[in-house]
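Trainee: Take a look at model_0.tsv, TSV, C-alpha atoms:
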```
chain	number	residue	atom	x	y	z
A	1	MET	CA	25.21	33.65	-33.34
A	2	ALA	CA	26.60	30.42	-31.95
A	3	LYS	CA	24.02	28.00	-30.62
A	4	ILE	CA	24.33	27.37	-26.90
A	5	SER	CA	23.44	23.79	-25.91
A	6	LYS	CA	21.49	22.88	-22.82
A	7	ASN	CA	24.38	20.72	-21.61
A	8	SER	CA	26.85	23.61	-21.79
A	9	ILE	CA	24.55	25.82	-19.71
A	10	THR	CA	24.24	23.05	-17.11
A	11	ILE	CA	28.00	22.47	-16.99
A	12	ASN	CA	28.73	26.20	-16.61
A	13	PHE	CA	26.15	26.46	-13.84
A	14	LEU	CA	27.74	23.55	-11.97
A	15	LYS	CA	31.22	25.03	-12.39
A	16	ALA	CA	30.06	28.36	-11.01
A	17	PHE	CA	29.11	26.65	-7.74
A	18	ASN	CA	32.01	24.21	-7.80
A	19	LEU	CA	29.67	21.23	-8.27
A	20	PRO	CA	31.05	18.33	-10.33
A	21	PRO	CA	28.74	17.05	-13.10
A	22	GLN	CA	27.25	13.59	-12.57
A	23	ALA	CA	26.93	10.68	-14.97
A	24	PRO	CA	23.63	10.55	-16.90
A	25	LEU	CA	20.83	8.60	-15.24
A	26	SER	CA	20.12	5.12	-16.55
A	27	ILE	CA	16.64	4.08	-17.66
A	28	ALA	CA	16.24	2.03	-14.47
A	29	GLN	CA	17.20	5.04	-12.34
A	30	LYS	CA	14.76	7.31	-14.18
A	31	LYS	CA	12.02	4.74	-13.65
A	32	SER	CA	12.88	4.53	-9.95
A	33	ILE	CA	12.66	8.31	-9.63
A	34	PHE	CA	9.23	8.22	-11.28
A	35	ILE	CA	8.06	5.44	-8.93
A	36	LEU	CA	9.26	7.29	-5.83
A	37	VAL	CA	7.76	10.63	-6.89
A	38	TYR	CA	4.45	8.97	-7.78
A	39	ALA	CA	4.45	7.13	-4.43
A	40	ALA	CA	4.88	10.42	-2.57
A	41	ILE	CA	2.07	12.06	-4.56
A	42	ALA	CA	-0.29	9.08	-4.26
A	43	LEU	CA	0.23	8.73	-0.50
A	44	THR	CA	-0.36	12.45	-0.01
A	45	ILE	CA	-3.56	12.45	-2.09
A	46	VAL	CA	-4.96	9.44	-0.26
A	47	GLU	CA	-4.04	10.94	3.12
A	48	TYR	CA	-5.74	14.29	2.53
A	49	PHE	CA	-8.46	13.60	-0.04
A	50	GLY	CA	-9.15	9.87	0.18
A	51	THR	CA	-10.27	9.53	3.78
A	52	PRO	CA	-13.74	9.07	5.28
A	53	HIS	CA	-13.23	12.44	7.01
A	54	PHE	CA	-12.82	14.17	3.64
A	55	PHE	CA	-16.07	12.57	2.51
A	56	TYR	CA	-17.82	13.64	5.74
A	57	THR	CA	-16.80	17.24	5.15
A	58	ASN	CA	-17.69	17.48	1.47
A	59	PHE	CA	-20.71	15.21	1.18
A	60	PRO	CA	-22.54	15.51	4.50
A	61	GLY	CA	-25.87	14.46	3.01
A	62	ALA	CA	-24.51	11.08	1.93
A	63	VAL	CA	-22.80	10.31	5.24
A	64	ILE	CA	-25.98	9.41	7.10
A	65	GLN	CA	-27.05	6.89	4.46
A	66	HIS	CA	-26.33	3.22	5.20
A	67	PHE	CA	-24.65	4.10	8.51
A	68	GLY	CA	-21.75	5.91	6.84
A	69	LEU	CA	-20.99	3.22	4.31
A	70	PHE	CA	-20.40	5.63	1.40
A	71	SER	CA	-17.62	7.50	3.19
A	72	HIS	CA	-15.75	4.26	3.78
A	73	LEU	CA	-16.33	3.07	0.23
A	74	TRP	CA	-14.80	6.39	-0.89
A	75	TRP	CA	-11.65	5.57	1.09
A	76	ALA	CA	-11.47	2.07	-0.41
A	77	PHE	CA	-12.05	3.46	-3.92
A	78	CYS	CA	-9.24	6.02	-3.59
A	79	THR	CA	-6.85	3.40	-2.22
A	80	ILE	CA	-7.60	1.00	-5.07
A	81	LEU	CA	-7.35	3.78	-7.68
A	82	PHE	CA	-4.02	5.24	-6.55
A	83	PHE	CA	-2.35	2.07	-5.25
A	84	LEU	CA	-3.46	-0.40	-7.92
A	85	VAL	CA	-5.21	0.99	-11.00
A	86	LEU	CA	-2.92	3.92	-11.79
A	87	PRO	CA	0.35	2.04	-11.08
A	88	MET	CA	-0.87	-0.73	-13.40
A	89	ALA	CA	-1.63	1.87	-16.06
A	90	PHE	CA	1.91	3.27	-15.75
A	91	ILE	CA	3.41	-0.23	-15.99
A	92	LYS	CA	1.46	-1.11	-19.11
A	93	LEU	CA	1.34	2.24	-20.93
A	94	SER	CA	4.51	4.06	-19.84
A	95	PHE	CA	6.96	1.36	-18.79
A	96	LYS	CA	5.72	-1.08	-21.47
A	97	GLU	CA	6.26	-3.95	-19.05
A	98	LYS	CA	4.25	-6.92	-17.81
A	99	PHE	CA	2.28	-6.94	-14.57
A	100	GLY	CA	4.06	-10.19	-13.73
A	101	ASP	CA	7.33	-8.26	-13.51
A	102	TYR	CA	5.78	-6.46	-10.54
A	103	GLY	CA	4.56	-9.54	-8.70
A	104	TRP	CA	1.11	-9.87	-10.25
A	105	LYS	CA	1.27	-13.65	-10.49
A	106	ILE	CA	-1.61	-15.70	-9.17
A	107	ARG	CA	0.34	-18.90	-8.66
A	108	VAL	CA	2.15	-19.39	-5.35
A	109	LYS	CA	4.59	-22.29	-4.97
A	110	SER	CA	3.49	-24.90	-2.45
A	111	ASN	CA	6.52	-24.42	-0.20
A	112	HIS	CA	5.98	-20.65	-0.21
A	113	LEU	CA	2.28	-21.12	0.52
A	114	LEU	CA	3.15	-23.26	3.54
A	115	LEU	CA	5.45	-20.51	4.78
A	116	TYR	CA	2.66	-17.93	4.47
A	117	LEU	CA	0.25	-20.21	6.34
A	118	LEU	CA	2.78	-20.62	9.14
A	119	MET	CA	3.17	-16.84	9.26
A	120	PHE	CA	-0.59	-16.41	9.59
A	121	ALA	CA	-0.68	-19.03	12.36
A	122	ALA	CA	2.08	-17.18	14.20
A	123	THR	CA	0.26	-13.86	13.75
A	124	PHE	CA	-3.13	-15.05	15.01
A	125	PRO	CA	-2.28	-14.95	18.77
A	126	LEU	CA	-1.03	-11.37	18.35
A	127	VAL	CA	-4.23	-10.41	16.54
A	128	TRP	CA	-6.34	-12.03	19.27
A	129	PHE	CA	-4.35	-10.19	21.96
A	130	ALA	CA	-4.82	-6.88	20.15
A	131	SER	CA	-8.57	-7.50	19.87
A	132	GLN	CA	-8.83	-7.36	23.67
A	133	ARG	CA	-7.40	-3.85	23.83
A	134	GLY	CA	-9.43	-0.65	23.91
A	135	ASP	CA	-7.26	1.13	21.33
A	136	PHE	CA	-7.94	-1.74	18.92
A	137	LEU	CA	-11.71	-1.53	19.40
A	138	ARG	CA	-11.61	2.23	18.80
A	139	ILE	CA	-10.30	1.53	15.28
A	140	TYR	CA	-11.84	-1.81	14.32
A	141	PRO	CA	-14.07	-2.53	12.61
A	142	PHE	CA	-12.91	0.32	10.39
A	143	TYR	CA	-16.48	0.76	9.12
A	144	ARG	CA	-18.06	1.84	12.40
A	145	GLY	CA	-21.55	1.44	11.01
A	146	ALA	CA	-20.91	-2.29	10.72
A	147	TYR	CA	-22.51	-2.77	14.14
A	148	MET	CA	-25.90	-1.64	12.78
A	149	ALA	CA	-25.49	-2.52	9.09
A	150	SER	CA	-27.48	-5.18	7.28
A	151	PHE	CA	-25.84	-8.29	5.89
A	152	GLU	CA	-25.88	-6.77	2.37
A	153	GLU	CA	-24.24	-3.54	3.54
A	154	LEU	CA	-21.63	-5.47	5.51
A	155	PHE	CA	-20.92	-7.73	2.53
A	156	ILE	CA	-20.38	-4.74	0.19
A	157	TRP	CA	-18.05	-3.17	2.74
A	158	GLU	CA	-15.98	-6.31	3.28
A	159	VAL	CA	-15.51	-6.83	-0.49
A	160	ALA	CA	-14.27	-3.23	-0.87
A	161	TYR	CA	-12.18	-3.44	2.30
A	162	LEU	CA	-10.42	-6.66	1.36
A	163	THR	CA	-9.88	-5.51	-2.24
A	164	GLN	CA	-8.00	-2.45	-1.05
A	165	PHE	CA	-5.56	-4.79	0.71
A	166	VAL	CA	-4.79	-6.27	-2.71
A	167	ALA	CA	-4.03	-2.71	-3.82
A	168	VAL	CA	-1.84	-2.06	-0.77
A	169	GLU	CA	0.18	-5.23	-1.35
A	170	PHE	CA	0.64	-4.46	-5.02
A	171	PHE	CA	1.70	-0.88	-4.30
A	172	PHE	CA	4.24	-1.59	-1.57
A	173	ARG	CA	5.55	-5.05	-2.44
A	174	GLY	CA	5.05	-4.97	-6.22
A	175	PHE	CA	5.30	-1.40	-7.50
A	176	LEU	CA	7.81	-0.24	-4.90
A	177	VAL	CA	9.89	-3.28	-3.92
A	178	LEU	CA	10.03	-5.06	-7.28
A	179	GLY	CA	9.90	-1.80	-9.21
A	180	LEU	CA	12.85	-0.30	-7.33
A	181	GLU	CA	14.88	-3.51	-7.24
A	182	ARG	CA	16.79	-2.73	-10.44
A	183	SER	CA	18.23	0.45	-8.92
A	184	PHE	CA	18.34	-0.43	-5.22
A	185	GLY	CA	18.69	-4.22	-5.17
A	186	ARG	CA	17.54	-5.72	-1.86
A	187	LEU	CA	17.60	-2.24	-0.32
A	188	ALA	CA	14.27	-1.70	-2.12
A	189	VAL	CA	12.64	-3.66	0.71
A	190	TRP	CA	13.98	-1.18	3.27
A	191	VAL	CA	13.02	1.82	1.16
A	192	ALA	CA	9.42	0.55	0.96
A	193	ILE	CA	8.98	-0.08	4.69
A	194	VAL	CA	9.26	3.64	5.53
A	195	PRO	CA	6.04	4.78	3.79
A	196	TYR	CA	4.39	1.44	4.66
A	197	CYS	CA	4.95	2.05	8.37
A	198	MET	CA	3.74	5.66	8.06
A	199	LEU	CA	0.53	4.42	6.42
A	200	HIS	CA	-0.34	2.91	9.82
A	201	TYR	CA	0.14	6.08	11.87
A	202	HIS	CA	-3.62	6.53	12.43
A	203	LYS	CA	-3.86	3.05	13.92
A	204	PRO	CA	-2.82	1.73	17.36
A	205	PRO	CA	0.94	2.04	18.06
A	206	LEU	CA	1.31	-1.73	18.33
A	207	GLU	CA	0.06	-2.14	14.76
A	208	ALA	CA	2.32	0.63	13.44
A	209	PHE	CA	5.39	-1.06	14.96
A	210	ALA	CA	4.23	-4.44	13.66
A	211	ALA	CA	3.99	-2.92	10.16
A	212	ILE	CA	7.78	-2.43	10.18
A	213	ALA	CA	8.41	-6.14	10.71
A	214	ALA	CA	5.63	-7.09	8.30
A	215	GLY	CA	7.03	-4.77	5.65
A	216	VAL	CA	10.47	-6.38	5.86
A	217	ILE	CA	9.20	-9.97	5.86
A	218	LEU	CA	6.60	-9.53	3.11
A	219	GLY	CA	9.03	-7.44	1.05
A	220	GLU	CA	11.75	-10.08	1.26
A	221	LEU	CA	9.29	-12.84	0.37
A	222	ALA	CA	7.96	-10.87	-2.60
A	223	LEU	CA	11.52	-10.24	-3.77
A	224	ARG	CA	12.46	-13.92	-3.57
A	225	SER	CA	9.21	-15.50	-4.77
A	226	ARG	CA	8.55	-12.81	-7.44
A	227	THR	CA	4.87	-12.69	-6.51
A	228	ILE	CA	2.78	-10.57	-4.14
A	229	MET	CA	-0.06	-13.08	-3.86
A	230	GLY	CA	1.24	-14.74	-0.71
A	231	GLY	CA	1.34	-11.34	0.94
A	232	VAL	CA	-2.19	-10.67	-0.30
A	233	LEU	CA	-3.40	-13.88	1.37
A	234	ILE	CA	-1.68	-12.96	4.64
A	235	HIS	CA	-3.02	-9.41	4.59
A	236	ILE	CA	-6.58	-10.45	3.81
A	237	GLY	CA	-6.49	-13.26	6.36
A	238	VAL	CA	-5.23	-11.01	9.17
A	239	ALA	CA	-7.59	-8.14	8.25
A	240	LEU	CA	-10.63	-10.39	8.07
A	241	THR	CA	-9.73	-11.99	11.40
A	242	MET	CA	-9.39	-8.56	13.03
A	243	GLU	CA	-12.75	-7.49	11.59
A	244	MET	CA	-14.53	-10.61	12.79
A	245	LEU	CA	-12.99	-10.44	16.27
A	246	ALA	CA	-14.02	-6.81	16.62
A	247	LEU	CA	-17.56	-7.45	15.38
A	248	SER	CA	-17.96	-10.46	17.64
A	249	ARG	CA	-17.52	-8.22	20.68
A	250	PHE	CA	-20.72	-6.31	19.97
A	251	ARG	CA	-22.88	-8.22	17.49
```
Here is the file; what I need is its structure written in the form of structure tokens.

Mentor:
Amino acid sequence: MAKISKNSITINFLKAFNLPPQAPLSIAQKKSIFILVYAAIALTIVEYFGTPHFFYTNFPGAVIQHFGLFSHLWWAFCTILFFLVLPMAFIKLSFKEKFGDYGWKIRVKSNHLLLYLLMFAATFPLVWFASQRGDFLRIYPFYRGAYMASFEELFIWEVAYLTQFVAVEFFFRGFLVLGLERSFGRLAVWVAIVPYCMLHYHKPPLEAFAAIAAGVILGELALRSRTIMGGVLIHIGVALTMEMLALSRFR
């Protein structure tokens, strides 16, 4: 009996539906498909299983301890795991590439650093304006128990909170933008802003719209500077400022 190849079956199937066969995918395209599929899975897992609400529901006994700190640490842990640790594992073990190829470079050029500082200075008035709004104060500080927490509890929370911003920057500007660049070119920036904007849907509308502009600017800067660290500094600076402004209203 003649052996029937997998390719011949595929070609006959395509012919039956009048679909022309396509050229084989390149390694870069296959890698891009993997990155996009993983991004969809990771975002879905974090949305449904990595939230404080999920922790409330499944571990009610732990919620009351330390003014709800554990539920928020669960969120930070899931974000760091799926946005930083696992993508790094794929880069090193599956892609066989360097973290530096995905923007994990500590050094920021002085002229780029100045640009990031100017961006933070321009953002500060907007952050201050947002801190006067009721919708802002219903979200921030994200750890609602921060109003009653001790200094130690607040310190643990802030370390976890700010670390997850490192994960967010790496995921969106490193893993997505720089990872998809080989297949999409500069369009990778625009691909990444869609899920980045949607990540902010539970926050005030003003912040969700601002995430679109931030995604474009930080994506372009990561693409040109080849590092995510400037974006990390901006993200941490803005987040810490928002936290302190919110806490100052009640503490």

Trainee: Using only C-alpha atoms, which residues sit within 12 Å of Gln164 in chain A once same-chain residues fewer than 5 positions away are excluded, as an mmCIF file with C-alpha atoms, in the coordinates of the input?

Mentor:
```cif
data_model
loop_
_atom_site.group_PDB
_atom_site.id
_atom_site.type_symbol
_atom_site.label_atom_id
_atom_site.label_comp_id
_atom_site.auth_asym_id
_atom_site.auth_seq_id
_atom_site.Cartn_x
_atom_site.Cartn_y
_atom_site.Cartn_z
ATOM 1 C CA HIS A 72 -15.750 4.260 3.780
ATOM 2 C CA LEU A 73 -16.330 3.070 0.230
ATOM 3 C CA TRP A 74 -14.800 6.390 -0.890
ATOM 4 C CA TRP A 75 -11.650 5.570 1.090
ATOM 5 C CA ALA A 76 -11.470 2.070 -0.410
ATOM 6 C CA PHE A 77 -12.050 3.460 -3.920
ATOM 7 C CA CYS A 78 -9.240 6.020 -3.590
ATOM 8 C CA THR A 79 -6.850 3.400 -2.220
ATOM 9 C CA ILE A 80 -7.600 1.000 -5.070
ATOM 10 C CA LEU A 81 -7.350 3.780 -7.680
ATOM 11 C CA PHE A 82 -4.020 5.240 -6.550
ATOM 12 C CA PHE A 83 -2.350 2.070 -5.250
ATOM 13 C CA LEU A 84 -3.460 -0.400 -7.920
ATOM 14 C CA VAL A 85 -5.210 0.990 -11.000
ATOM 15 C CA TRP A 157 -18.050 -3.170 2.740
ATOM 16 C CA GLU A 158 -15.980 -6.310 3.280
ATOM 17 C CA VAL A 159 -15.510 -6.830 -0.490
ATOM 18 C CA GLU A 169 0.180 -5.230 -1.350
ATOM 19 C CA PHE A 170 0.640 -4.460 -5.020
ATOM 20 C CA PHE A 171 1.700 -0.880 -4.300
ATOM 21 C CA VAL A 232 -2.190 -10.670 -0.300
ATOM 22 C CA HIS A 235 -3.020 -9.410 4.590
ATOM 23 C CA ILE A 236 -6.580 -10.450 3.810
ATOM 24 C CA ALA A 239 -7.590 -8.140 8.250
#
```

Trainee: Counting all atoms listed in the file, note down every residue that has an atom within 9 Å of the point (9.3, -0.8, 10.4) (file coordinates), as an NGL selection string.

Mentor: :A and (190 or 193-194 or 196-198 or 208-216)

Trainee: Save the residues we just selected, C-alpha atoms, as an mmCIF file, in the frame of the given file?

Mentor:
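Contents of result14.cif, as written:
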```cif
data_model
loop_
_atom_site.group_PDB
_atom_site.id
_atom_site.type_symbol
_atom_site.label_atom_id
_atom_site.label_comp_id
_atom_site.auth_asym_id
_atom_site.auth_seq_id
_atom_site.Cartn_x
_atom_site.Cartn_y
_atom_site.Cartn_z
ATOM 1 C CA TRP A 190 13.980 -1.180 3.270
ATOM 2 C CA ILE A 193 8.980 -0.080 4.690
ATOM 3 C CA VAL A 194 9.260 3.640 5.530
ATOM 4 C CA TYR A 196 4.390 1.440 4.660
ATOM 5 C CA CYS A 197 4.950 2.050 8.370
ATOM 6 C CA MET A 198 3.740 5.660 8.060
ATOM 7 C CA ALA A 208 2.320 0.630 13.440
ATOM 8 C CA PHE A 209 5.390 -1.060 14.960
ATOM 9 C CA ALA A 210 4.230 -4.440 13.660
ATOM 10 C CA ALA A 211 3.990 -2.920 10.160
ATOM 11 C CA ILE A 212 7.780 -2.430 10.180
ATOM 12 C CA ALA A 213 8.410 -6.140 10.710
ATOM 13 C CA ALA A 214 5.630 -7.090 8.300
ATOM 14 C CA GLY A 215 7.030 -4.770 5.650
ATOM 15 C CA VAL A 216 10.470 -6.380 5.860
#
```

Trainee: Find, counting all atoms listed in the file, the residue in A:Phe120, A:Phe34, A:Tyr140, A:Tyr48 that gets nearest to Leu245 in chain A.

Mentor: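 Of A:Phe120, A:Phe34, A:Tyr140, A:Tyr48, the one nearest Leu245 in chain A is A:Tyr140, counting all atoms listed in the file.
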
Trainee: Please identify all polymer residues within 12 Å of Arg133 in chain A, counting only C-alpha atoms, omitting same-chain residues fewer than 2 positions from it, and present them as a list in words.

Mentor: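 Once the adjacent positions are removed, what remains is Leu126, Val127, Trp128, Phe129, Ala130, Ser131, Asp135, Phe136, Leu137, Arg138, Ile139, Tyr140, Pro204, Pro205, Leu206, Glu207, Met242, Leu245, Ala246 and Arg249 of chain A.
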
Trainee: Which is closest to Met148 in chain A among A:Ser71, A:Asn58, A:Gln65, A:Ser26, if we use only C-alpha atoms?

Mentor: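 The answer is A:Gln65, which sits nearest to Met148 in chain A.
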
Trainee: List the spatial neighbours of Ile27 in chain A as a PyMOL selection string - criterion: any atom at most 12 Å away, all atoms listed in the file, same-chain residues fewer than 4 positions off excluded.

Mentor: chain A and resi 31-34+95+180+182-183

Trainee: What's the separation between CA of Ser94 in chain A and CA of Ile35 in chain A, in Å to one decimal place?

Mentor: 11.6 Å

Trainee: Would you mind reading off the distance between CA of Pro87 in chain A and CA of Gly230 in chain A, one decimal, in Å?

Mentor: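 Calculated distance between CA of Pro87 in chain A and CA of Gly230 in chain A is 19.7 Å.
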
Trainee: Report, in Å to a single decimal, how far apart CA of Leu221 in chain A and CA of Gly185 in chain A are.

Mentor: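 Between these atoms lies a distance of 13.9 Å.
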